Structures are given as C-alpha cells and as structure tokens.
Amino acid sequence: MRTLAAIAWLRAADAALTIHTASSRLAGITAETPMYRRLNAAVARADANPHLPARYRDPRDVADALRNA
C-alpha cells in the first residue's frame with residue numbers, strides 16, 4: 001500500500017508541475033516563480049520517498065547516489 005501511495009504522490013506532483021510549467025510558458029512567464037519552486041520541491045520530496053520503486057526515480061539521482069557511494 002505504501003508503494004502505491006508513493007507512486008500516486010509522485011505522479012500527482014509531477015503532473016501539477018507539468019501543468020504549471022506549460023501554463024506559465026503560454027502566459028509568457030520565463031522567470032522561476034514561487035509556485036514553480038514549491039511544485040518542484042514536492043516532486044523532489046516524492047522522489048525521495050523510500051517506498052518509491054527504483055524504476056520511478058529520476059535516473060540522474062540514481063547515478064549521483066552511485067557516484068557518491
């Protein structure tokens with residue numbers, strides 16, 4: 001159950017960030033907004049969830065973790 005919740009949380013956070021980014025671009029906003037920073041932080045928190053399967057993680061984070069180990 002925790003795995004399903006972690007996957008749902010990541011998908012929701014990523015979808016919200018994608019929608020906000022697209023709407024900002026359509027509005028001509030190119031600067032990083034506070035909403036973008038909040039949504040990006042939510043994606044990062046969801047990605048850091050220990051119950052999230054490796055296949056859902058950002059491959060750049062996995063490579064960094066292996067390099068720092």
# chains A, B, ... in the order shown; residues from 1 in each chain; ligands from 1
call {"tool": "residues_around", "arguments": {"residues": "Ala5 of chain A", "least_positions_apart": "6", "cutoff": "10 Å", "atoms": "only C-alpha atoms", "output": "mmCIF file with C-alpha atoms, in the first residue's frame"}}
result
data_model
loop_
_atom_site.group_PDB
_atom_site.id
_atom_site.type_symbol
_atom_site.label_atom_id
_atom_site.label_comp_id
_atom_site.auth_asym_id
_atom_site.auth_seq_id
_atom_site.Cartn_x
_atom_site.Cartn_y
_atom_site.Cartn_z
ATOM 1 C CA ARG A 11 2.565 11.211 -10.369
ATOM 2 C CA ALA A 46 8.043 12.447 -3.676
ATOM 3 C CA HIS A 51 8.808 3.331 -0.709
ATOM 4 C CA LEU A 52 9.076 4.519 -4.314
#
call {"tool": "residues_around", "arguments": {"residues": "Pro53 of chain A", "least_positions_apart": "2", "cutoff": "9 Å", "atoms": "only C-alpha atoms", "output": "ChimeraX atom specification"}}
result
/A:3,6-7,50-51,55-57
call {"tool": "write_last_selection", "arguments": {"atoms": "all heavy atoms", "output": "mmCIF file, in the first residue's frame"}}
result
data_model
loop_
_atom_site.group_PDB
_atom_site.id
_atom_site.type_symbol
_atom_site.label_atom_id
_atom_site.label_comp_id
_atom_site.auth_asym_id
_atom_site.auth_seq_id
_atom_site.Cartn_x
_atom_site.Cartn_y
_atom_site.Cartn_z
ATOM 1 N N THR A 3 3.763 1.604 -1.300
ATOM 2 C CA THR A 3 4.342 1.768 -2.629
ATOM 3 C C THR A 3 3.347 2.446 -3.564
ATOM 4 O O THR A 3 3.711 3.361 -4.310
ATOM 5 C CB THR A 3 4.775 0.407 -3.205
ATOM 6 O OG1 THR A 3 5.734 -0.175 -2.317
ATOM 7 C CG2 THR A 3 5.379 0.541 -4.576
ATOM 8 N N ALA A 6 3.149 6.087 -2.721
ATOM 9 C CA ALA A 6 4.347 6.805 -3.160
ATOM 10 C C ALA A 6 4.300 7.079 -4.655
ATOM 11 O O ALA A 6 4.646 8.176 -5.111
ATOM 12 C CB ALA A 6 5.600 6.002 -2.803
ATOM 13 N N ILE A 7 3.847 6.088 -5.423
ATOM 14 C CA ILE A 7 3.740 6.263 -6.874
ATOM 15 C C ILE A 7 2.687 7.317 -7.203
ATOM 16 O O ILE A 7 2.906 8.195 -8.043
ATOM 17 C CB ILE A 7 3.416 4.920 -7.556
ATOM 18 C CG1 ILE A 7 4.603 3.966 -7.411
ATOM 19 C CG2 ILE A 7 3.055 5.119 -9.025
ATOM 20 C CD1 ILE A 7 4.288 2.538 -7.794
ATOM 21 N N PRO A 50 11.239 6.601 0.400
ATOM 22 C CA PRO A 50 11.906 5.296 0.367
ATOM 23 C C PRO A 50 11.020 4.160 -0.155
ATOM 24 O O PRO A 50 11.527 3.109 -0.531
ATOM 25 C CB PRO A 50 12.290 5.052 1.831
ATOM 26 C CG PRO A 50 11.376 5.904 2.629
ATOM 27 C CD PRO A 50 11.059 7.090 1.760
ATOM 28 N N HIS A 51 9.720 4.368 -0.220
ATOM 29 C CA HIS A 51 8.808 3.331 -0.709
ATOM 30 C C HIS A 51 8.616 3.381 -2.223
ATOM 31 O O HIS A 51 7.957 2.519 -2.784
ATOM 32 C CB HIS A 51 7.447 3.444 -0.017
ATOM 33 C CG HIS A 51 7.533 3.281 1.460
ATOM 34 N ND1 HIS A 51 7.799 2.071 2.053
ATOM 35 C CD2 HIS A 51 7.436 4.175 2.469
ATOM 36 C CE1 HIS A 51 7.844 2.216 3.365
ATOM 37 N NE2 HIS A 51 7.627 3.491 3.639
ATOM 38 N N ARG A 55 12.395 2.130 -10.438
ATOM 39 C CA ARG A 55 12.061 2.455 -11.828
ATOM 40 C C ARG A 55 11.335 3.796 -11.970
ATOM 41 O O ARG A 55 11.238 4.333 -13.065
ATOM 42 C CB ARG A 55 11.245 1.323 -12.457
ATOM 43 C CG ARG A 55 9.866 1.155 -11.888
ATOM 44 C CD ARG A 55 9.122 -0.002 -12.575
ATOM 45 N NE ARG A 55 7.809 -0.172 -12.035
ATOM 46 C CZ ARG A 55 7.499 -0.972 -11.029
ATOM 47 N NH1 ARG A 55 8.432 -1.685 -10.457
ATOM 48 N NH2 ARG A 55 6.264 -1.072 -10.595
ATOM 49 N N TYR A 56 10.792 4.317 -10.874
ATOM 50 C CA TYR A 56 10.110 5.608 -10.916
ATOM 51 C C TYR A 56 11.035 6.769 -10.562
ATOM 52 O O TYR A 56 10.652 7.924 -10.676
ATOM 53 C CB TYR A 56 8.919 5.623 -9.947
ATOM 54 C CG TYR A 56 7.782 4.763 -10.423
ATOM 55 C CD1 TYR A 56 7.629 3.473 -9.956
ATOM 56 C CD2 TYR A 56 6.871 5.236 -11.353
ATOM 57 C CE1 TYR A 56 6.593 2.669 -10.393
ATOM 58 C CE2 TYR A 56 5.831 4.445 -11.803
ATOM 59 C CZ TYR A 56 5.700 3.162 -11.320
ATOM 60 O OH TYR A 56 4.673 2.379 -11.761
ATOM 61 N N ARG A 57 12.226 6.484 -10.112
ATOM 62 C CA ARG A 57 13.143 7.538 -9.685
ATOM 63 C C ARG A 57 13.805 8.197 -10.882
ATOM 64 O O ARG A 57 13.966 7.602 -11.935
ATOM 65 C CB ARG A 57 14.211 6.973 -8.758
ATOM 66 C CG ARG A 57 13.624 6.462 -7.480
ATOM 67 C CD ARG A 57 14.700 6.158 -6.464
ATOM 68 N NE ARG A 57 14.117 5.499 -5.311
ATOM 69 C CZ ARG A 57 13.433 6.114 -4.362
ATOM 70 N NH1 ARG A 57 13.249 7.401 -4.411
ATOM 71 N NH2 ARG A 57 12.930 5.439 -3.355
#
call {"tool": "closest_atom_pairs", "arguments": {"of": "segment 33-62 of chain A", "to": "segment 16-22 of chain A", "cutoff": "10 Å", "atoms": "only C-alpha atoms", "output": "JSON lines"}}
result
{"residue": "A:Thr33", "atom": "CA", "partner": "A:Thr21", "partner_atom": "CA", "distance": 9.8}
{"residue": "A:Met35", "atom": "CA", "partner": "A:His20", "partner_atom": "CA", "distance": 8.1}
{"residue": "A:Tyr36", "atom": "CA", "partner": "A:Leu17", "partner_atom": "CA", "distance": 6.9}
{"residue": "A:Arg37", "atom": "CA", "partner": "A:Leu17", "partner_atom": "CA", "distance": 9.3}
{"residue": "A:Arg38", "atom": "CA", "partner": "A:Leu17", "partner_atom": "CA", "distance": 9.0}
{"residue": "A:Leu39", "atom": "CA", "partner": "A:Leu17", "partner_atom": "CA", "distance": 5.4}
{"residue": "A:Asn40", "atom": "CA", "partner": "A:Leu17", "partner_atom": "CA", "distance": 6.6}
{"residue": "A:Ala41", "atom": "CA", "partner": "A:Leu17", "partner_atom": "CA", "distance": 9.7}
{"residue": "A:Ala42", "atom": "CA", "partner": "A:Leu17", "partner_atom": "CA", "distance": 8.8}
{"residue": "A:Val43", "atom": "CA", "partner": "A:Leu17", "partner_atom": "CA", "distance": 7.9}
